[in-house]
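Have a look at coords_18.txt below; it lists compact mmCIF, C-alpha atoms.
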# COMPACT_ATOMS: atom_id res chain seq x y z
CA MET A 100 98.30 134.96 103.74
CA LYS A 101 95.80 136.25 101.14
CA THR A 102 98.17 135.20 98.36
CA LEU A 103 98.44 131.70 99.82
CA ILE A 104 94.65 131.38 99.97
CA ALA A 105 94.31 132.64 96.38
CA VAL A 106 96.88 130.13 95.14
CA ALA A 107 95.18 127.30 97.05
CA LEU A 108 91.77 128.21 95.60
CA THR A 109 93.23 128.40 92.08
CA LEU A 110 94.78 124.95 92.45
CA LEU A 111 91.50 123.57 93.78
CA LEU A 112 89.57 124.99 90.84
CA CYS A 113 92.11 123.56 88.38
CA ALA A 114 91.81 120.14 90.00
CA CYS A 115 88.02 120.27 89.69
CA ALA A 116 88.19 121.30 86.04
CA ALA A 117 90.56 118.45 85.28
CA TYR A 118 88.17 115.89 86.71
CA ASP A 119 85.65 115.99 83.85
CA GLY A 120 87.44 118.00 81.19
CA ARG A 121 85.34 121.08 81.79
CA GLY A 122 86.64 123.89 79.63
CA LEU A 123 87.77 121.68 76.76
CA LEU A 124 86.13 122.65 73.47
CA PRO A 125 84.90 120.04 70.96
CA GLY A 126 86.10 120.79 67.44
CA THR A 127 88.88 123.02 68.75
CA ASP A 128 90.96 121.31 71.42
CA ARG A 129 93.33 118.48 70.60
CA LEU A 130 94.91 115.48 72.36
CA ASP A 131 97.63 117.61 73.98
CA ASP A 132 94.95 119.86 75.47
CA VAL A 133 93.03 116.86 76.85
CA LEU A 134 96.19 115.43 78.42
CA ARG A 135 97.10 118.81 79.92
CA VAL A 136 93.65 119.22 81.50
CA MET A 137 92.70 115.63 82.38
CA GLY A 138 96.08 113.93 82.73
CA GLN A 139 97.09 110.53 81.37
CA PRO A 140 94.19 108.17 80.62
CA ALA A 141 93.86 104.74 82.18
CA GLN A 142 93.36 103.27 78.71
CA ARG A 143 93.63 104.36 75.12
CA TRP A 144 92.24 102.85 71.92
CA GLN A 145 93.02 103.90 68.36
CA ASP A 146 90.75 102.68 65.60
CA ALA A 147 91.74 101.92 62.03
CA ASP A 148 90.01 105.11 60.86
CA GLY A 149 92.34 107.21 63.06
CA THR A 150 89.81 108.05 65.78
CA VAL A 151 91.02 107.77 69.39
CA GLN A 152 89.16 106.96 72.60
CA LEU A 153 90.59 107.65 76.05
CA ALA A 154 89.22 106.27 79.35
CA TYR A 155 89.35 108.30 82.57
CA PRO A 156 87.90 106.28 85.47
CA ARG A 157 87.48 108.47 88.54
CA GLY A 158 87.09 105.71 91.13
CA PRO A 159 87.27 103.75 93.21
CA MET A 160 84.98 105.94 95.29
CA GLY A 161 84.10 108.36 92.49
CA TYR A 162 80.93 108.05 90.46
CA HIS A 163 82.25 108.72 86.96
CA THR A 164 84.26 107.32 84.11
CA TYR A 165 84.78 109.81 81.31
CA MET A 166 85.35 108.67 77.76
CA VAL A 167 87.09 111.20 75.55
CA HIS A 168 86.59 110.79 71.80
CA LEU A 169 88.98 112.40 69.31
CA ALA A 170 88.38 112.59 65.57
CA ALA A 171 90.89 111.31 63.02
CA ASN A 172 92.12 114.90 62.62
CA GLY A 173 93.07 114.88 66.33
CA LYS A 174 90.34 117.28 67.47
CA LEU A 175 88.10 116.61 70.44
CA GLN A 176 84.67 115.29 69.44
CA ARG A 177 83.05 114.76 72.85
CA ILE A 178 83.54 113.82 76.49
CA GLU A 179 80.89 111.71 78.18
CA ASN A 180 80.36 110.09 81.55
CA VAL A 181 79.63 106.46 80.73
CA LEU A 182 78.57 105.32 84.20
CA ASP A 183 74.83 105.74 83.85
CA GLU A 184 71.77 103.70 82.93
CA HIS A 185 71.97 104.71 79.25
CA PHE A 186 75.37 103.06 78.81
CA PHE A 187 74.59 100.15 81.16
CA ALA A 188 71.66 99.23 78.89
CA LYS A 189 74.14 98.67 76.06
CA ILE A 190 75.78 95.76 77.91
CA GLN A 191 74.25 92.60 76.45
CA PRO A 192 74.77 88.85 77.00
CA GLY A 193 77.53 87.51 74.78
CA MET A 194 79.62 90.72 74.75
CA THR A 195 83.31 90.18 75.42
CA MET A 196 85.23 91.59 78.37
CA GLN A 197 87.09 93.87 75.95
CA GLN A 198 83.82 95.24 74.59
CA VAL A 199 82.59 95.99 78.11
CA VAL A 200 85.82 97.78 79.02
CA ARG A 201 85.64 99.79 75.80
CA LEU A 202 82.11 100.89 76.72
CA LEU A 203 82.41 101.46 80.50
CA GLY A 204 86.13 101.70 81.14
CA PRO A 205 88.02 99.41 83.48
CA ALA A 206 86.30 98.10 86.60
CA GLN A 207 87.97 98.78 89.93
CA PRO A 208 90.58 96.03 90.47
CA GLY A 209 89.55 95.43 94.07
CA TRP A 210 85.89 95.17 93.09
CA SER A 211 86.13 91.97 91.13
CA THR A 212 84.91 88.65 92.46
CA TYR A 213 85.15 85.11 91.11
CA PHE A 214 82.59 82.42 91.96
CA ALA A 215 84.27 79.10 91.15
CA ARG A 216 81.16 76.89 91.30
CA ARG A 217 79.48 79.05 88.68
CA ASP A 218 82.70 79.85 86.79
CA GLU A 219 81.48 83.43 87.06
CA LEU A 220 83.58 86.58 87.24
CA VAL A 221 81.86 89.75 88.46
CA TRP A 222 83.16 93.23 87.70
CA GLU A 223 81.71 96.23 89.51
CA TRP A 224 81.44 99.98 88.88
CA ARG A 225 80.22 102.64 91.31
CA TYR A 226 77.88 105.31 89.94
CA CYS A 227 75.20 107.79 90.91
CA ASP A 228 71.74 106.62 89.83
CA ALA A 229 68.98 108.82 88.38
CA ALA A 230 67.59 109.45 91.89
CA SER A 231 71.04 110.65 93.14
CA ASN A 232 71.68 107.47 95.11
CA PRO A 233 75.14 105.91 95.22
CA ALA A 234 74.81 102.58 93.42
CA ARG A 235 76.81 99.69 92.01
CA PHE A 236 76.54 98.20 88.53
CA ASP A 237 77.75 94.62 88.12
CA VAL A 238 78.57 92.70 84.97
CA LEU A 239 78.59 88.93 85.42
CA PHE A 240 80.84 87.05 82.99
CA ASP A 241 81.22 83.42 82.05
CA GLN A 242 84.88 83.24 83.05
CA THR A 243 85.79 80.43 80.65
CA ARG A 244 84.22 82.08 77.61
CA GLY A 245 85.03 85.63 78.69
CA THR A 246 81.53 86.82 77.76
CA VAL A 247 78.72 88.59 79.56
CA ARG A 248 76.05 86.42 81.17
CA SER A 249 74.00 89.17 82.78
CA THR A 250 74.09 92.47 84.62
CA MET A 251 72.55 93.89 87.76
CA ALA A 252 72.39 97.17 89.62
CA MET A 253 71.59 97.97 93.24
CA THR A 254 71.88 101.08 95.35
CA GLU A 255 74.50 101.06 98.08
CA GLU A 256 71.65 101.36 100.59
CA GLN A 257 70.08 98.14 99.23
CA ARG A 258 73.45 96.46 99.68
CA GLY A 259 73.80 97.78 103.22
CA LEU A 260 76.79 99.94 102.33
CA CYS A 261 75.58 103.32 103.58
CA ASP A 262 73.68 104.93 106.42
CA GLN A 263 70.60 107.11 106.29
CA ASN A 264 70.54 110.04 103.85
CA CYS A 265 72.95 108.34 101.50
CA THR A 266 73.10 110.55 98.39
CA CYS A 267 75.59 111.41 95.67
CA GLY A 268 75.30 115.10 96.41
CA ARG A 269 74.09 116.15 92.96
What does the file become when written as structure tokens?
Amino acid sequence: MKTLIAVALTLLLCACAAYDGRGLLPGTDRLDDVLRVMGQPAQRWQDADGTVQLAYPRGPMGYHTYMVHLAANGKLQRIENVLDEHFFAKIQPGMTMQQVVRLLGPAQPGWSTYFARRDELVWEWRYCDAASNPARFDVLFDQTRGTVRSTMAMTEEQRGLCDQNCTCGR
């Protein structure tokens, strides 16, 4: 029984480490190491200079999307959670859908809404705000042009999506 518990705890710890890439070393680890620890990415981009970016969305109910950046030599540069106010502030009117996905990762497929009268497509990401409140960040696109019109963010409590004491658990 003790062996079974030890194996279960080991597997649990490995699953937690894989979530955010904890344990991977910038400047040392390579793509194979990232894939072994974090699994297959949802999206992958390779730039002309040889650098690679991998997207790891941890939704739909998770609060993170991790972007993994690899140098042209194949070594890990950094891993960052892009679902926070710092990255949301980079979303500007006129940006394309592809630019938004490259910055924030893919939105949850079921969390997209189209408003025909406004020709407006809304993509949504769940995140944990600076006050540890579950929140949603929305990007509103001109559907025809495929460009950002505006953005907005509200806590899940403001949207009526949670009960009292609604926190991210940070």
Exercise for review: Could you give me, as a ChimeraX atom specification, the residues within 8 Å of segment 168-182 of chain A, counting only C-alpha atoms and dropping anything in the same chain fewer than 6 positions from it?
Suggested key: /A:119-120,124-130,148-153,162,202-203,224-227
Check your understanding: What is the atom CA of Glu223 of chain A-atom CA of Thr243 of chain A distance in Å, reported with one decimal?
Key -> 18.6 Å
Review point. Counting only C-alpha atoms, which of A:Val136, A:Ala229, A:Ala154, A:Val199 gets nearest to Leu123 of chain A?
Key: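 Nearest candidate to Leu123 of chain A out of A:Val136, A:Ala229, A:Ala154, A:Val199: A:Val136.
Distance annotation: of A:Ile190, A:Pro233, A:Val200, A:Arg216, the residue with the minimal separation from Gln257 of chain A is A:Pro233; atom set is all atoms listed in the file.
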Check your understanding: Counting only C-alpha atoms, what is within 9 Å of Ala141 of chain A, bar same-chain residues fewer than 2 positions away, as a PyMOL selection string?
Key -> chain A and resi 139+143+153-156+204-205
Check your understanding: For Gln145 of chain A, which of A:Met196, A:Asp218, A:Thr266, A:Val167 is the closest residue, counting all atoms listed in the file?
Key -> A:Val167
Review point. Please, what distance in Å, to one decimal, runs between atom CA of Met253 of chain A and atom CA of Arg235 of chain A?
Key: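 For atom CA of Met253 of chain A relative to atom CA of Arg235 of chain A, the distance reads 5.6 Å.
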Check your understanding: Do you have the atom CA of Arg121 of chain A-atom CA of Pro208 of chain A distance handy?
Key ->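 Between these atoms lies a distance of 27.0 Å.
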